[in-house]
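J.: Mind looking over this structure? Questions follow.
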Amino acid sequence: MMGKALSSDFLKIRGKGLWFLVFLGPAGLVAMQALNFGLRYDYLTERYSGRLWETLLENILMFVPIALYLGITLVASLLANVEHHTNAWKQLLALPIARSAVFGAKFALCFLLLAVSCSVLAVGTIALGLSLRFGTDIPYGDILRLSFMPFLAALPALALFLWLCMTMKNQALPITLGVVLAIGSVFSYSLSEWVPVNWPLFGYHGTHPWAFAGAGAALGAVILLAGLLHFGRKDVN
Amino acid sequence: MNEWVIETRALSKRYKGRYAVSGLNLKIAKGDIYGFLGPNGAGKTTTIRMLLGLIKPSSGSVHIFGKELQKERLSILRRVGSLVEYPSYYGHLSAVDNLEAIRRILDVPVGKIAEVLDIVGLAKEARRPVKGFSLGMKQRLGIASALLGSPELLVLDEPTNGLDPSGILEIRELIKDMPRQHGITVLISSHLLSEVELTAGTVGIIRQGELVFQDTIESLHRQAQGQIRLVVSEPEQATVALMQHGFRAELKESAVWLNGGQGDDAVAGAVKRLVEREHSVYRVEERRKSLEELFLQIVGEGLRA
Ligand SMILES: Nc1ncnc2c1ncn2[C@@H]1O[C@H](COP(=O)(O)OP(=O)(O)OP(=O)(O)O)[C@@H](O)[C@H]1O
Ligand SMILES: [Mg+2]
């Protein structure tokens, strides 16, 4: 049943800018580093010679959390707005489909779109490293970890923002919250690693990245479940 | 064994302590066209939302096709087509894609899309983005969406909203044909009796959340007939006197009105009483209320059964 809803959702997001956003995010991250290394090429390659790939990944990582949070907020909001805009909920939810399937499909679609973003980031990183002549000793494992582990660790935010965006007609609150969270994630590094906002960072860095990715996925699942329950019961106007 | 397609039992919905719908007992028979009437804010849309499971009743229950909505929502909705309030649509998609988005969930053959577009007369505009449609065209698309799943029950909330006169006529003809051709039961809400008068077999009238009338349209016609208006001297005393003699008399616009099935003898008797009490009788006339007048009266004050 979720498959039907998902296939319907793929049709509905046509021309809504979601696919554009999915490519824009990682392209932006890669472009920033292209600029960084391009402008200071000689200085950086000399200073970090021998660990050029590592340095590139570290530099990208700094901006991954903020990009993730912004991306999550925008994707969730744009997706929810497809239904909010002309109040299509009342039509959609009067169809013979379980509300959990509707909500589940939206989550799956967000997840897929962002996973595509992550893949684009991985490919973009490799392309950038190669074109900066960092050598063919490409650290594939690290690049995959950089691209996907922070995303897994950010799943609580995805579940939360999708829930807020889907159930609130006025998107001002979730979007404001998302932007605050994104900017906050830059400064919250000094706080404890227990703060979930920091998990995307520790999902790559630190001593036990898998724990943070796993915790993110688990907390995300709990929030998703709460969202499903609430969405399943709420009145649709 | 009941044969009601829709049956609600003491259905109520409360918003912040105020009842939007209270104690509703709707009964809609198979193959009937049920006109659900009431002024703005009477609770029509709220009721329809409850019938579709979009909102939860505060109390009471809904049975559709003899099954309880709360327990078997999906299997019931499979057989229901609906249009709630103003039409919902995805503005950036064409009419065909709008229907395709719904079709993927209903899982009906692709050919249905062209069929329903043809029925509502949108076949020529099918490829344009819907945001450029007029209100009437969006309304037609809404009706097409409702028909897409070949429903056995159609629930239409003010379907002719925004349509031009010829559109209203078209939709009316379309709805009239539903029971005849496909055995479909139709619930259609409206502000205006005149709009469903020609199509509906049964009407339910809701006022401030309460059902104040529910019967066949013939019965409504009967109620609309035969009021006798008497213009007399001292109408107040005359009314009281007639009521004492067991007439259903009423004082209105400084005339005496006799309500309900007054035969010749009863009218003669009433005049006799008045003359005996030395009232001057200036005029005795029969007033036939139009249905619309009766409707407004019911909506205005309710009708004692
Ligand atoms: N979500 C809500 N919260 C609070 N009150 C509501 C809500 N929805 C409806 N109401 C109230 O319930 C009453 C009935 O509204 P409803 O929309 O059912 O009327 P209606 O008969 O469909 O009117 P109209 O002919 O204007 O469409 C109104 O007084 C309205 O203010
Ligand atoms: Mg309404």
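Here, A, B, ... name the chains of the structure tokens in the order displayed, residue numbers run from 1 inside each chain, and ligands are numbered from 1 in the same displayed order.
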Show which residues sit within 9 Å of Pro26 in chain A, as a ChimeraX atom specification. Count only C-alpha atoms, and ignore same-chain residues fewer than 2 positions away.
T.: /A:22-24,28-31,64,67,117-122,124
J.: Let's have the selection written as a JSON list (two decimals), in the first residue's frame, with N, CA, C and O atoms.
T.:
[["chain", "number", "residue", "atom", "x", "y", "z"],
["A", 22, "VAL", "N", 17.93, 18.67, -4.40],
["A", 22, "VAL", "CA", 18.70, 17.47, -4.08],
["A", 22, "VAL", "C", 20.10, 17.54, -4.70],
["A", 22, "VAL", "O", 21.07, 17.09, -4.10],
["A", 23, "PHE", "N", 20.22, 18.16, -5.86],
["A", 23, "PHE", "CA", 21.54, 18.27, -6.50],
["A", 23, "PHE", "C", 22.27, 19.53, -6.08],
["A", 23, "PHE", "O", 23.49, 19.56, -6.02],
["A", 24, "LEU", "N", 21.46, 20.56, -5.78],
["A", 24, "LEU", "CA", 22.07, 21.84, -5.40],
["A", 24, "LEU", "C", 22.90, 21.72, -4.12],
["A", 24, "LEU", "O", 24.02, 22.23, -4.04],
["A", 28, "GLY", "N", 26.80, 22.47, -3.91],
["A", 28, "GLY", "CA", 27.26, 23.64, -3.17],
["A", 28, "GLY", "C", 28.45, 23.30, -2.28],
["A", 28, "GLY", "O", 29.45, 24.03, -2.25],
["A", 29, "LEU", "N", 28.34, 22.19, -1.56],
["A", 29, "LEU", "CA", 29.42, 21.78, -0.66],
["A", 29, "LEU", "C", 30.71, 21.55, -1.44],
["A", 29, "LEU", "O", 31.80, 22.00, -1.04],
["A", 30, "VAL", "N", 30.59, 20.87, -2.57],
["A", 30, "VAL", "CA", 31.78, 20.57, -3.37],
["A", 30, "VAL", "C", 32.35, 21.86, -3.97],
["A", 30, "VAL", "O", 33.57, 22.08, -3.96],
["A", 31, "ALA", "N", 31.46, 22.73, -4.42],
["A", 31, "ALA", "CA", 31.92, 23.99, -5.04],
["A", 31, "ALA", "C", 32.69, 24.83, -4.03],
["A", 31, "ALA", "O", 33.70, 25.45, -4.36],
["A", 64, "VAL", "N", 28.82, 19.67, 6.47],
["A", 64, "VAL", "CA", 27.80, 18.64, 6.23],
["A", 64, "VAL", "C", 26.59, 18.78, 7.16],
["A", 64, "VAL", "O", 25.45, 18.75, 6.70],
["A", 67, "ALA", "N", 24.34, 21.68, 6.11],
["A", 67, "ALA", "CA", 23.69, 21.37, 4.84],
["A", 67, "ALA", "C", 22.60, 20.32, 5.03],
["A", 67, "ALA", "O", 21.51, 20.42, 4.46],
["A", 117, "SER", "N", 21.05, 12.86, -2.56],
["A", 117, "SER", "CA", 21.96, 13.97, -2.25],
["A", 117, "SER", "C", 23.29, 13.45, -1.73],
["A", 117, "SER", "O", 24.37, 13.91, -2.15],
["A", 118, "CYS", "N", 23.21, 12.51, -0.80],
["A", 118, "CYS", "CA", 24.43, 11.97, -0.20],
["A", 118, "CYS", "C", 25.29, 11.28, -1.26],
["A", 118, "CYS", "O", 26.52, 11.41, -1.25],
["A", 119, "SER", "N", 24.64, 10.55, -2.16],
["A", 119, "SER", "CA", 25.39, 9.88, -3.22],
["A", 119, "SER", "C", 26.07, 10.91, -4.13],
["A", 119, "SER", "O", 27.22, 10.73, -4.54],
["A", 120, "VAL", "N", 25.32, 11.97, -4.43],
["A", 120, "VAL", "CA", 25.91, 13.01, -5.27],
["A", 120, "VAL", "C", 27.12, 13.62, -4.57],
["A", 120, "VAL", "O", 28.14, 13.90, -5.20],
["A", 121, "LEU", "N", 27.02, 13.78, -3.25],
["A", 121, "LEU", "CA", 28.15, 14.32, -2.49],
["A", 121, "LEU", "C", 29.36, 13.39, -2.62],
["A", 121, "LEU", "O", 30.49, 13.86, -2.83],
["A", 122, "ALA", "N", 29.12, 12.08, -2.51],
["A", 122, "ALA", "CA", 30.22, 11.12, -2.61],
["A", 122, "ALA", "C", 30.89, 11.23, -3.98],
["A", 122, "ALA", "O", 32.12, 11.36, -4.08],
["A", 124, "GLY", "N", 30.70, 13.69, -6.10],
["A", 124, "GLY", "CA", 31.29, 15.03, -6.27],
["A", 124, "GLY", "C", 32.63, 15.14, -5.56],
["A", 124, "GLY", "O", 33.57, 15.75, -6.07]]
J.: Dump as a count of residues only the residues of chain A that approach chain B to within 12 Å, counting only C-alpha atoms.
T.: 46
J.: With a distance cut-off of 6 Å and only C-alpha atoms, select the neighbouring residues of Arg229 in chain B, excluding the residue or stretch itself and same-chain residues fewer than 4 positions from it, and output the selection as an NGL selection string.
T.: :B and (256-257 or 284-285)
J.: Any chance you could export the current selection's N, CA, C and O atoms as a PDB file, in the first residue's frame?
T.:
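Once everything was written out, this is part.pdb:
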ATOM      1  N   VAL B 256     -54.732  35.806  10.596  1.00  0.00           N
ATOM      2  CA  VAL B 256     -54.777  34.487  11.224  1.00  0.00           C
ATOM      3  C   VAL B 256     -54.479  33.440  10.162  1.00  0.00           C
ATOM      4  O   VAL B 256     -55.028  33.495   9.055  1.00  0.00           O
ATOM      5  N   TRP B 257     -53.601  32.511  10.476  1.00  0.00           N
ATOM      6  CA  TRP B 257     -53.249  31.456   9.525  1.00  0.00           C
ATOM      7  C   TRP B 257     -53.687  30.118  10.080  1.00  0.00           C
ATOM      8  O   TRP B 257     -53.431  29.813  11.246  1.00  0.00           O
ATOM      9  N   VAL B 284     -60.851  35.467   3.178  1.00  0.00           N
ATOM     10  CA  VAL B 284     -60.442  34.087   3.437  1.00  0.00           C
ATOM     11  C   VAL B 284     -59.729  33.616   2.188  1.00  0.00           C
ATOM     12  O   VAL B 284     -60.329  33.585   1.112  1.00  0.00           O
ATOM     13  N   GLU B 285     -58.461  33.340   2.283  1.00  0.00           N
ATOM     14  CA  GLU B 285     -57.767  32.921   1.061  1.00  0.00           C
ATOM     15  C   GLU B 285     -56.799  31.776   1.325  1.00  0.00           C
ATOM     16  O   GLU B 285     -56.278  31.623   2.420  1.00  0.00           O
TER      17      GLU B 285
END
J.: Which one of A:Leu160, A:Ala153, A:Ile183, A:Leu177 sits closest to Gly216 in chain A if you count only C-alpha atoms?
T.: A:Ala153
J.: Around ligand 2, at most 10 Å away and counting only C-alpha atoms and all ligand atoms, which residues are there? Put them as a PyMOL selection string, please.
T.: chain B and resi 38-49+84-86+157-158+189-191
J.: So, with only C-alpha atoms and all ligand atoms as the atoms that count, which of B:Glu234, B:Glu278, B:Glu210, B:Glu253 lies closest to ligand 1?
T.: B:Glu210
J.: Quick one: everything within 7 Å of range 8-19 of chain B, counting only C-alpha atoms, minus sequence neighbours fewer than 5 positions away in the same chain. Send it as a list in words.
T.: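 Skipping anything fewer than 5 positions along the chain leaves Leu24, Asn25, Leu26, Lys27, Pro57, Ser58, Ser59, Gly60, Ser61, Val62, His63 and Gly209 of chain B.
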J.: Keeping all heavy atoms for every residue in the selection just given, could you write it to a file as a tab-separated table (two decimals), in the first residue's frame?
T.:
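Written out: again_38.tsv:
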chain	number	residue	atom	x	y	z
B	24	LEU	N	-27.13	13.40	15.15
B	24	LEU	CA	-27.63	13.23	13.78
B	24	LEU	C	-27.95	11.76	13.50
B	24	LEU	O	-27.13	10.89	13.70
B	24	LEU	CB	-26.52	13.69	12.82
B	24	LEU	CG	-26.96	14.42	11.56
B	24	LEU	CD1	-27.73	15.67	11.93
B	24	LEU	CD2	-25.76	14.78	10.73
B	25	ASN	N	-29.17	11.52	13.03
B	25	ASN	CA	-29.55	10.17	12.59
B	25	ASN	C	-29.90	10.20	11.11
B	25	ASN	O	-31.07	10.32	10.76
B	25	ASN	CB	-30.76	9.66	13.39
B	25	ASN	CG	-30.42	9.48	14.86
B	25	ASN	OD1	-29.47	8.80	15.20
B	25	ASN	ND2	-31.18	10.13	15.72
B	26	LEU	N	-28.92	10.11	10.28
B	26	LEU	CA	-29.18	10.11	8.84
B	26	LEU	C	-29.51	8.69	8.41
B	26	LEU	O	-28.94	7.73	8.90
B	26	LEU	CB	-27.93	10.54	8.07
B	26	LEU	CG	-27.46	11.98	8.15
B	26	LEU	CD1	-26.22	12.14	7.28
B	26	LEU	CD2	-28.53	12.92	7.69
B	27	LYS	N	-30.42	8.57	7.44
B	27	LYS	CA	-30.71	7.26	6.86
B	27	LYS	C	-30.84	7.45	5.37
B	27	LYS	O	-31.72	8.16	4.89
B	27	LYS	CB	-32.02	6.71	7.42
B	27	LYS	CG	-31.91	6.25	8.86
B	27	LYS	CD	-33.22	5.60	9.29
B	27	LYS	CE	-33.06	4.86	10.60
B	27	LYS	NZ	-32.67	5.74	11.71
B	57	PRO	N	-15.84	11.46	15.10
B	57	PRO	CA	-17.01	11.97	15.83
B	57	PRO	C	-16.69	12.10	17.31
B	57	PRO	O	-15.89	11.33	17.83
B	57	PRO	CB	-18.07	10.88	15.62
B	57	PRO	CG	-17.57	9.99	14.54
B	57	PRO	CD	-16.08	10.13	14.51
B	58	SER	N	-17.30	13.08	17.97
B	58	SER	CA	-17.14	13.18	19.42
B	58	SER	C	-17.94	12.07	20.07
B	58	SER	O	-17.57	11.53	21.10
B	58	SER	CB	-17.64	14.53	19.92
B	58	SER	OG	-16.95	15.57	19.28
B	59	SER	N	-19.09	11.74	19.46
B	59	SER	CA	-19.86	10.58	19.91
B	59	SER	C	-20.76	10.13	18.76
B	59	SER	O	-20.91	10.82	17.78
B	59	SER	CB	-20.69	10.93	21.15
B	59	SER	OG	-21.60	11.95	20.82
B	60	GLY	N	-21.33	8.95	18.92
B	60	GLY	CA	-22.18	8.39	17.87
B	60	GLY	C	-21.37	7.59	16.87
B	60	GLY	O	-20.15	7.49	16.98
B	61	SER	N	-22.07	7.00	15.89
B	61	SER	CA	-21.36	6.13	14.96
B	61	SER	C	-21.87	6.30	13.54
B	61	SER	O	-22.96	6.82	13.30
B	61	SER	CB	-21.52	4.67	15.38
B	61	SER	OG	-22.89	4.32	15.27
B	62	VAL	N	-21.03	5.87	12.60
B	62	VAL	CA	-21.38	5.93	11.18
B	62	VAL	C	-21.33	4.51	10.63
B	62	VAL	O	-20.36	3.79	10.83
B	62	VAL	CB	-20.35	6.78	10.41
B	62	VAL	CG1	-20.64	6.72	8.92
B	62	VAL	CG2	-20.35	8.21	10.90
B	63	HIS	N	-22.40	4.10	9.96
B	63	HIS	CA	-22.40	2.82	9.27
B	63	HIS	C	-22.61	3.06	7.79
B	63	HIS	O	-23.54	3.76	7.40
B	63	HIS	CB	-23.51	1.90	9.80
B	63	HIS	CG	-23.27	1.47	11.21
B	63	HIS	ND1	-22.90	0.19	11.55
B	63	HIS	CD2	-23.32	2.17	12.37
B	63	HIS	CE1	-22.74	0.12	12.86
B	63	HIS	NE2	-22.98	1.31	13.38
B	209	GLY	N	-26.58	22.22	13.36
B	209	GLY	CA	-26.06	20.92	13.76
B	209	GLY	C	-27.11	19.86	14.01
B	209	GLY	O	-26.78	18.72	14.28
J.: Could you pull out the helix (DSSP H, G or I) residues of range 83-287 of chain B, going by DSSP on the backbone, and write them as number ranges by chain?
T.: B: 95-106, 111-119, 123-125, 130-132, 135-147, 165-182, 193-197, 217-224, 235-244, 264-276
J.: Rank A:Pro150, A:Gly184, A:Gly104, A:Pro139 by their smallest atom-to-atom distance to Phe202 in chain A, using only C-alpha atoms, and report the top residue only.
T.: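 The answer is A:Pro150, which sits nearest to Phe202 in chain A.
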J.: Please extract the residues of range 31-255 of chain B with a backbone DSSP assignment of strand (DSSP E or B) and present them as a PyMOL selection string.
T.: chain B and resi 33-37+59-64+67-68+80-83+94+129+153-157+185-190+202-207+210-216+227-232+249-252+255
J.: Write out as a PyMOL selection string which residues come within 10 Å of His279 in chain B when counting only C-alpha atoms, dropping same-chain ones fewer than 6 positions away.
T.: chain B and resi 231-235+237-238+271-273
J.: Need the shell around range 180-187 of chain B: protein/DNA/RNA residues with any atom at most 9 Å away, counting only C-alpha atoms. Skip same-chain ones fewer than 3 positions apart. Format as a short mmCIF file (atom, residue, chain, number, x, y, z; two decimals) with N, CA and C atoms, in the first residue's frame?
T.:
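Output below, filename result37.cif:
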data_model
loop_
_atom_site.label_atom_id
_atom_site.label_comp_id
_atom_site.auth_asym_id
_atom_site.auth_seq_id
_atom_site.Cartn_x
_atom_site.Cartn_y
_atom_site.Cartn_z
N VAL B 5 -27.66 2.52 2.98
CA VAL B 5 -26.28 2.67 2.52
C VAL B 5 -25.49 3.51 3.52
N ILE B 28 -29.94 6.83 4.64
CA ILE B 28 -29.93 7.01 3.19
C ILE B 28 -30.04 5.65 2.52
N ALA B 29 -31.08 5.53 1.69
CA ALA B 29 -31.38 4.23 1.09
C ALA B 29 -30.57 4.01 -0.18
N LYS B 30 -30.38 2.75 -0.51
CA LYS B 30 -29.62 2.40 -1.71
C LYS B 30 -30.32 2.92 -2.97
N GLY B 31 -29.53 3.48 -3.86
CA GLY B 31 -30.07 3.96 -5.12
C GLY B 31 -30.79 5.30 -5.03
N ASP B 32 -30.79 5.87 -3.85
CA ASP B 32 -31.49 7.15 -3.66
C ASP B 32 -30.54 8.32 -3.95
N ILE B 33 -31.14 9.45 -4.25
CA ILE B 33 -30.35 10.69 -4.25
C ILE B 33 -30.83 11.48 -3.05
N TYR B 34 -29.91 11.72 -2.14
CA TYR B 34 -30.27 12.35 -0.87
C TYR B 34 -29.76 13.78 -0.88
N GLY B 35 -30.69 14.72 -0.79
CA GLY B 35 -30.30 16.13 -0.74
C GLY B 35 -30.08 16.52 0.70
N PHE B 36 -28.86 16.95 1.01
CA PHE B 36 -28.51 17.30 2.38
C PHE B 36 -28.42 18.81 2.45
N PRO B 151 -17.34 4.40 -7.93
CA PRO B 151 -17.91 4.21 -6.60
C PRO B 151 -19.35 3.73 -6.64
N GLU B 152 -19.77 3.13 -5.51
CA GLU B 152 -21.17 2.75 -5.36
C GLU B 152 -21.91 3.83 -4.60
N LEU B 153 -21.12 4.67 -3.90
CA LEU B 153 -21.71 5.78 -3.16
C LEU B 153 -20.91 7.03 -3.49
N LEU B 154 -21.63 8.08 -3.86
CA LEU B 154 -20.98 9.35 -4.17
C LEU B 154 -21.37 10.34 -3.09
N VAL B 155 -20.37 10.98 -2.48
CA VAL B 155 -20.65 11.99 -1.47
C VAL B 155 -20.13 13.31 -2.01
N LEU B 156 -21.04 14.20 -2.33
CA LEU B 156 -20.64 15.44 -2.98
C LEU B 156 -21.07 16.63 -2.13
N ASP B 157 -20.08 17.40 -1.68
CA ASP B 157 -20.36 18.57 -0.86
C ASP B 157 -20.40 19.79 -1.77
N ILE B 175 -25.86 13.66 -12.22
CA ILE B 175 -26.18 13.06 -10.93
C ILE B 175 -27.48 12.27 -11.01
N LYS B 176 -28.44 12.82 -11.73
CA LYS B 176 -29.74 12.16 -11.91
C LYS B 176 -29.56 10.77 -12.51
N ASP B 177 -28.59 10.67 -13.43
CA ASP B 177 -28.36 9.41 -14.13
C ASP B 177 -27.69 8.34 -13.28
N ALA B 200 -33.35 15.07 -6.16
CA ALA B 200 -33.34 14.25 -4.95
C ALA B 200 -34.65 13.52 -4.73
#
J.: From the set B:Gly269, B:Ala114, B:Lys138, B:Val96, which residue has the shortest atom-to-atom contact distance to Ala126 in chain B, counting only C-alpha atoms?
T.: B:Val96
J.: Determine the nearest neighbour of ligand 1 from the options B:Ile64, B:Ile228, B:Val281, B:Ile188, counting only C-alpha atoms and all ligand atoms.
T.: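 Using only C-alpha atoms and all ligand atoms, ligand 1 sits closest to B:Ile188.
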J.: Skipping near chain neighbours, those fewer than 2 positions away, what residues fall within 12 Å of Ser188 in chain A using only C-alpha atoms, listed as number ranges by chain?
T.: A: 65-66, 180-186, 190-202
J.: Find the distance between atom 19 (O, counted along the ligand's line) of ligand 1 and CA of Ser194 in chain B and write it in Å to one decimal.
T.: 19.0 Å
